[in-house]
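All remarks here apply to the structure that follows.
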Amino acid sequence: MTIDVRRIDPNDTQAFDDFYAVYLAADLLGREHIGTVWQREELRAHWIRDSSHRKAEMYGGFVDGELSVVGSIACSLIDRPDHAYLEVFTHPRHRRRGHGSQLLATLEQAAHREGRRILNAETSYPYDGPADGAGSAGTEFARHHGYSFGLGDVCRQLQLPVPTALLDELLAEAAPHHTAYTLRSWVGPVPDDIVADWVALNASLDTEAPSGDLELQELAADVDAHREREATMKDQQRTAFHTVAVAPDGSLAAYNEVVLPAHDPGRIYQWGTLVRPGHRGRRLGLAIKAANLAQVQAAHPGPLVLTTYNAEVNSHMIGINERLGFRPVERLGEFQKKV
């Protein structure tokens with residue numbers, strides 16, 4: 001059956017709510033208790049704010065006037081000029097009817113119009129299955145349409161609070177290895193005096209972390225774009241907790257960012273963690289993670305579930321997470337198609 005594919009206007013409240021309902025039903029299917037999904041208010045704030053550094057479009061596929069499948073395409077305007085990021089979500093009632101394939105074709109055509117030759121997509125699947133997701137619905141859909149498995153990530157979760165004694169023990173263990181470094185923590189936007197260095201460090205995360213068989217290009221260290229993202233986070237009512245390690249020369253050697261969403265009660269998310277190559281071997285990763293968790297728990301002592309993703313081959317960071325008590329719950333596959 002051919003579907004009627006249309007652009008979705010995020011400023012149209014009803015159209016957006018219909019889009020969100022399909023997205024939510026599709027993304028939580030079979031992972032209702034562990035799924036890490038956008039909350040409605042977060043996703044809408046993400047879409048309605050104008051951006052000078054990103055071009056993105058929402059689409060929906062209709063059958064007899066009913067929205068059956070939704071998706072989006074996003075392209076950076078400041079870096080990775082060859083890349084596009086695609087998402088497709090088919091409502092469980094409409095699966096296996098070719099609706100997702102038809103919408104994906106529309107998204108790929110949009111990517112072609114933007115001159116993008118590297119198409120990126122992700123899908124989640126059970127932790128106890130194959131590491132490459134073979135046999136799961138999302139991975140088989142991707143492979144059927146020419147997308148190749150590039151990198152496997154593992155989703156891990158940690159029940160907070162972590163005992164204060166454990167955090168103190170880890171900080172004390174790490175401290176003798178970086179006596180010339182200073183840890184600095186704060187809540188909210190990155191301070192002006194270090195924002196350029198912080199953005200450069202954050203931009204190097206994708207290329208410094210394991211990337212498997214993915215073809216990646218460097219991200220732009222653009223302070224204005226970062227401030228736009230912080231403004232969007234404010235609209236989303238997300239609060240960022242930061243800890244950095246400051247090297248003896250005043251530059252940033254490492255950073256850790258944890259984000260608390262107001263619209264997702266009981267959950268908190270680990271975003272980026274990175275130690276610059278020249279500063280590794282000093283237990284800085286362990287120190288900044290433990291210090292930032294201590295900051296989070298001082299502000300929010302109640303129970304929270306902290307979620308993080310790591311490349312399965314990133315044994316060093318996984319080792320730190322396991323010492324803190326993280327446990328694996330799910331896998332995420334990163335796929336690419338080159339056209």
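Simple scheme: letters A, B, ... for chains in structure tokens order, numbers from 1 for residues in each chain, numbers from 1 for ligands in the order shown.
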Mind running stretch 155-241 of chain A against stretch 302-308 of chain A at 8 Å and telling me each contacting residue's nearest atom pair with the distance in Å (one decimal), counting only C-alpha atoms, chain and number ascending, as CSV?
residue,atom,partner,partner_atom,distance
A:Cys155,CA,A:Thr308,CA,5.7
A:Arg156,CA,A:Thr308,CA,5.4
A:Gln157,CA,A:Thr307,CA,4.5
A:Leu158,CA,A:Leu306,CA,5.0
A:Gln159,CA,A:Val305,CA,4.8
A:Leu160,CA,A:Leu304,CA,5.0
A:Pro161,CA,A:Pro303,CA,6.0
Name all residues at most 8 Å from stretch 182-185 of chain A (count only C-alpha atoms; drop same-chain ones fewer than 5 positions away) and give them as a PDB file with C-alpha atoms, in the first residue's frame.
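Result file follows (selection.pdb):
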ATOM      1  CA  PHE A 241      26.105  19.184  35.669  1.00  0.00           C
ATOM      2  CA  HIS A 242      29.757  19.571  34.704  1.00  0.00           C
ATOM      3  CA  THR A 243      33.159  18.623  36.058  1.00  0.00           C
ATOM      4  CA  VAL A 244      36.409  19.352  34.229  1.00  0.00           C
ATOM      5  CA  ALA A 245      40.057  18.694  34.968  1.00  0.00           C
ATOM      6  CA  VAL A 246      42.231  21.782  34.502  1.00  0.00           C
ATOM      7  CA  ALA A 247      45.835  21.114  33.484  1.00  0.00           C
ATOM      8  CA  PRO A 248      48.787  23.003  35.015  1.00  0.00           C
ATOM      9  CA  ILE A 288      35.819  13.698  37.068  1.00  0.00           C
ATOM     10  CA  ALA A 291      33.301  14.315  41.415  1.00  0.00           C
ATOM     11  CA  ASN A 292      30.410  15.066  39.093  1.00  0.00           C
ATOM     12  CA  GLN A 295      27.807  17.165  42.773  1.00  0.00           C
TER      13      GLN A 295
END
Quick one: residues within 8 Å of stretch 36-49 of chain A, only C-alpha atoms, excluding same-chain residues fewer than 5 positions away - as an mmCIF file with N, CA and C atoms, in the first residue's frame?
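The resulting file, part-v3.cif, is shown below:
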data_model
loop_
_atom_site.group_PDB
_atom_site.id
_atom_site.type_symbol
_atom_site.label_atom_id
_atom_site.label_comp_id
_atom_site.auth_asym_id
_atom_site.auth_seq_id
_atom_site.Cartn_x
_atom_site.Cartn_y
_atom_site.Cartn_z
ATOM 1 N N PRO A 10 6.351 21.379 13.068
ATOM 2 C CA PRO A 10 6.403 21.244 14.529
ATOM 3 C C PRO A 10 5.657 22.344 15.264
ATOM 4 N N ASN A 11 5.364 23.446 14.583
ATOM 5 C CA ASN A 11 4.606 24.523 15.212
ATOM 6 C C ASN A 11 3.100 24.249 15.227
ATOM 7 N N PHE A 16 2.140 17.893 15.640
ATOM 8 C CA PHE A 16 3.289 17.439 16.423
ATOM 9 C C PHE A 16 2.876 16.357 17.410
ATOM 10 N N ASP A 17 1.735 16.534 18.072
ATOM 11 C CA ASP A 17 1.283 15.525 19.031
ATOM 12 C C ASP A 17 1.049 14.181 18.352
ATOM 13 N N TYR A 20 4.424 12.695 17.721
ATOM 14 C CA TYR A 20 5.035 12.193 18.958
ATOM 15 C C TYR A 20 4.398 10.871 19.390
ATOM 16 N N LEU A 24 6.614 7.592 19.990
ATOM 17 C CA LEU A 24 6.695 6.980 21.316
ATOM 18 C C LEU A 24 6.285 5.512 21.268
ATOM 19 N N ASP A 27 9.142 3.555 19.419
ATOM 20 C CA ASP A 27 10.451 3.478 20.070
ATOM 21 C C ASP A 27 10.414 2.674 21.364
ATOM 22 N N LEU A 28 9.274 2.609 22.027
ATOM 23 C CA LEU A 28 9.183 1.869 23.293
ATOM 24 C C LEU A 28 8.761 0.414 23.101
ATOM 25 N N THR A 232 18.445 25.815 23.791
ATOM 26 C CA THR A 232 17.447 24.771 23.583
ATOM 27 C C THR A 232 17.285 23.933 24.851
ATOM 28 N N ASP A 235 15.050 25.665 27.177
ATOM 29 C CA ASP A 235 13.661 25.493 26.760
ATOM 30 C C ASP A 235 13.136 24.107 27.143
ATOM 31 N N GLN A 236 14.008 23.116 27.068
ATOM 32 C CA GLN A 236 13.621 21.744 27.389
ATOM 33 C C GLN A 236 13.567 21.483 28.892
ATOM 34 N N GLN A 237 14.021 22.436 29.671
ATOM 35 C CA GLN A 237 14.125 22.299 31.132
ATOM 36 C C GLN A 237 15.053 21.144 31.509
ATOM 37 N N HIS A 263 11.362 16.881 32.648
ATOM 38 C CA HIS A 263 10.166 16.211 32.131
ATOM 39 C C HIS A 263 10.277 14.685 32.124
ATOM 40 N N ASP A 264 11.348 14.146 32.678
ATOM 41 C CA ASP A 264 11.551 12.690 32.709
ATOM 42 C C ASP A 264 11.870 12.288 34.139
#
Select from stretch 35-66 of chain A every residue with an atom at most 10 Å from any atom of stretch 107-116 of chain A, then for each give the shortest pair of atoms and their distance in Å to one decimal, using only C-alpha atoms, rows by chain and rising number, as a tab-separated table.
residue	atom	partner	partner_atom	distance
A:Lys55	CA	A:Glu114	CA	9.7
A:Glu57	CA	A:Ala110	CA	9.1
A:Met58	CA	A:Leu107	CA	9.3
A:Tyr59	CA	A:Leu107	CA	8.2
Within 9 Å of A:Thr239, counting only C-alpha atoms, which residues qualify if same-chain residues fewer than 4 places away don't, as a PDB file with C-alpha atoms, in the first residue's frame?
ATOM      1  CA  VAL A 187      25.814  23.541  37.168  1.00  0.00           C
ATOM      2  CA  GLY A 188      24.325  25.091  34.035  1.00  0.00           C
ATOM      3  CA  PRO A 189      25.935  26.737  30.988  1.00  0.00           C
ATOM      4  CA  MET A 233      18.323  22.845  26.755  1.00  0.00           C
ATOM      5  CA  LYS A 234      16.878  25.689  28.794  1.00  0.00           C
ATOM      6  CA  VAL A 258      25.513  14.765  33.190  1.00  0.00           C
ATOM      7  CA  VAL A 259      22.048  16.076  32.272  1.00  0.00           C
ATOM      8  CA  LEU A 260      18.946  16.048  34.476  1.00  0.00           C
ATOM      9  CA  PRO A 261      15.607  16.392  32.593  1.00  0.00           C
ATOM     10  CA  ALA A 262      12.670  18.035  34.343  1.00  0.00           C
TER      11      ALA A 262
END
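Ranking A:Asp193, A:Asp82, A:Glu218, A:Asp12 by their shortest atom-to-atom distance to A:Leu205, with only C-alpha atoms included, puts A:Glu218 first.
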DSSP says strand (DSSP E) for which residues of stretch 75-259 of chain A? Put them as JSON, numbers by chain?
-> {"A": [75, 76, 83, 84, 85, 86, 87, 88, 89, 90, 118, 119, 120, 121, 122, 123, 124, 125, 126, 148, 149, 150, 151, 152, 153, 154, 155, 156, 157, 158, 159, 160, 182, 183, 184, 185, 186, 187, 238, 239, 240, 241, 242, 243, 244, 245, 246, 252, 253, 254, 255, 256, 257, 258, 259]}
Using C-alpha atoms, can you export the residues from the last selection as a PDB file, in the first residue's frame?
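Writing the result to result28.pdb gives the following:
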ATOM      1  CA  CYS A  75      22.080  17.906   8.495  1.00  0.00           C
ATOM      2  CA  SER A  76      24.725  20.044  10.117  1.00  0.00           C
ATOM      3  CA  HIS A  83      26.580  13.460   6.533  1.00  0.00           C
ATOM      4  CA  ALA A  84      22.841  13.215   7.143  1.00  0.00           C
ATOM      5  CA  TYR A  85      21.133  11.665  10.151  1.00  0.00           C
ATOM      6  CA  LEU A  86      17.906   9.750   9.513  1.00  0.00           C
ATOM      7  CA  GLU A  87      15.244   8.307  11.797  1.00  0.00           C
ATOM      8  CA  VAL A  88      12.181   6.181  10.984  1.00  0.00           C
ATOM      9  CA  PHE A  89       9.514   5.053  13.473  1.00  0.00           C
ATOM     10  CA  THR A  90       6.604   2.870  12.369  1.00  0.00           C
ATOM     11  CA  ILE A 118      26.928   9.364   4.175  1.00  0.00           C
ATOM     12  CA  LEU A 119      23.624   8.425   5.776  1.00  0.00           C
ATOM     13  CA  ASN A 120      23.620   7.626   9.504  1.00  0.00           C
ATOM     14  CA  ALA A 121      21.026   5.729  11.521  1.00  0.00           C
ATOM     15  CA  GLU A 122      20.731   3.984  14.891  1.00  0.00           C
ATOM     16  CA  THR A 123      18.605   1.216  16.366  1.00  0.00           C
ATOM     17  CA  SER A 124      18.344  -0.436  19.778  1.00  0.00           C
ATOM     18  CA  TYR A 125      18.112  -4.165  20.479  1.00  0.00           C
ATOM     19  CA  PRO A 126      18.350  -6.574  23.445  1.00  0.00           C
ATOM     20  CA  SER A 148      26.096  -1.425   7.270  1.00  0.00           C
ATOM     21  CA  PHE A 149      26.817  -2.032  10.951  1.00  0.00           C
ATOM     22  CA  GLY A 150      29.545   0.392  12.027  1.00  0.00           C
ATOM     23  CA  LEU A 151      29.743   0.421  15.809  1.00  0.00           C
ATOM     24  CA  GLY A 152      28.087  -1.372  18.701  1.00  0.00           C
ATOM     25  CA  ASP A 153      27.310   0.516  21.903  1.00  0.00           C
ATOM     26  CA  VAL A 154      26.067  -0.800  25.230  1.00  0.00           C
ATOM     27  CA  CYS A 155      23.504   1.056  27.314  1.00  0.00           C
ATOM     28  CA  ARG A 156      24.253   0.818  31.030  1.00  0.00           C
ATOM     29  CA  GLN A 157      22.264   2.081  33.977  1.00  0.00           C
ATOM     30  CA  LEU A 158      23.145   2.934  37.571  1.00  0.00           C
ATOM     31  CA  GLN A 159      20.779   3.415  40.492  1.00  0.00           C
ATOM     32  CA  LEU A 160      21.597   6.630  42.345  1.00  0.00           C
ATOM     33  CA  THR A 182      42.555  20.933  39.481  1.00  0.00           C
ATOM     34  CA  LEU A 183      38.967  19.711  39.343  1.00  0.00           C
ATOM     35  CA  ARG A 184      36.304  22.356  38.641  1.00  0.00           C
ATOM     36  CA  SER A 185      32.573  21.707  38.854  1.00  0.00           C
ATOM     37  CA  TRP A 186      29.488  23.803  38.075  1.00  0.00           C
ATOM     38  CA  VAL A 187      25.814  23.541  37.168  1.00  0.00           C
ATOM     39  CA  ARG A 238      17.261  20.182  31.152  1.00  0.00           C
ATOM     40  CA  THR A 239      19.969  20.972  33.714  1.00  0.00           C
ATOM     41  CA  ALA A 240      23.602  20.155  32.961  1.00  0.00           C
ATOM     42  CA  PHE A 241      26.105  19.184  35.669  1.00  0.00           C
ATOM     43  CA  HIS A 242      29.757  19.571  34.704  1.00  0.00           C
ATOM     44  CA  THR A 243      33.159  18.623  36.058  1.00  0.00           C
ATOM     45  CA  VAL A 244      36.409  19.352  34.229  1.00  0.00           C
ATOM     46  CA  ALA A 245      40.057  18.694  34.968  1.00  0.00           C
ATOM     47  CA  VAL A 246      42.231  21.782  34.502  1.00  0.00           C
ATOM     48  CA  LEU A 252      41.099  21.676  29.960  1.00  0.00           C
ATOM     49  CA  ALA A 253      42.406  18.134  30.133  1.00  0.00           C
ATOM     50  CA  ALA A 254      39.111  16.285  30.627  1.00  0.00           C
ATOM     51  CA  TYR A 255      35.383  16.845  30.948  1.00  0.00           C
ATOM     52  CA  ASN A 256      32.265  15.067  32.147  1.00  0.00           C
ATOM     53  CA  GLU A 257      28.659  16.176  31.581  1.00  0.00           C
ATOM     54  CA  VAL A 258      25.513  14.765  33.190  1.00  0.00           C
ATOM     55  CA  VAL A 259      22.048  16.076  32.272  1.00  0.00           C
TER      56      VAL A 259
END
Closest contacts (stretch 139-231 of chain A/stretch 274-285 of chain A, max 10 Å, only C-alpha atoms) as a Markdown table:
| residue | atom | partner | partner_atom | distance |
| --- | --- | --- | --- | --- |
| A:Leu170 | CA | A:Arg283 | CA | 9.6 |
| A:Leu171 | CA | A:Arg283 | CA | 9.2 |
| A:Glu173 | CA | A:Arg283 | CA | 8.6 |
| A:Ala174 | CA | A:Arg283 | CA | 5.3 |
| A:Ala175 | CA | A:Arg283 | CA | 7.8 |
| A:Pro176 | CA | A:Arg282 | CA | 8.5 |
| A:His177 | CA | A:Arg282 | CA | 4.9 |
| A:His178 | CA | A:Arg282 | CA | 5.5 |
| A:Thr179 | CA | A:Arg282 | CA | 9.2 |
| A:Tyr181 | CA | A:Leu284 | CA | 8.9 |
| A:Leu183 | CA | A:Leu284 | CA | 9.1 |
| A:Leu201 | CA | A:Arg276 | CA | 7.5 |
| A:Asn202 | CA | A:Leu274 | CA | 7.7 |
| A:Ser204 | CA | A:Leu274 | CA | 8.6 |
| A:Leu205 | CA | A:Leu274 | CA | 6.5 |
| A:Asp206 | CA | A:Leu274 | CA | 9.8 |
| A:Glu208 | CA | A:Pro277 | CA | 8.1 |
| A:Ala209 | CA | A:Leu274 | CA | 7.9 |
For A:Gly129, work out the shell of residues within 12 Å, counting only C-alpha atoms and skipping chain neighbours fewer than 5 positions away, then give it as a PyMOL selection string.
-> chain A and resi 124+134-136+139+154+329-332
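The two atoms in question, atom CA of A:Ala196 and atom CA of A:Asp222, are spaced 8.0 Å apart.
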Any idea what the distance is between atom CA of A:Ala290 and atom CA of A:Leu167?
-> 5.5 Å
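Of the listed residues (A:Pro328, A:Gly250, A:Ala294, A:Ser211), A:Ala294 comes nearest to A:Ala165; the distances count only C-alpha atoms.
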Just asking: which residues within stretch 105-284 of chain A are helix (DSSP H, G or I) according to DSSP, as a ChimeraX atom specification?
-> /A:105-113,137-144,164-177,195-203,205-208,223-236,277-279,284
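Distance annotation: of A:Asp4, A:Glu32, A:Asp50, A:Asp9, the residue with the minimal separation from A:Ser68 is A:Asp4; atom set is only C-alpha atoms.
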Find the distance between atom CA of A:His94 and atom CA of A:Val69 and write it in Å to one decimal.
-> 7.8 Å
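Proximity of A:Val5, A:Gly30, A:Val199, A:Gly60 to A:Arg229, computed with only C-alpha atoms, is greatest for A:Val199.
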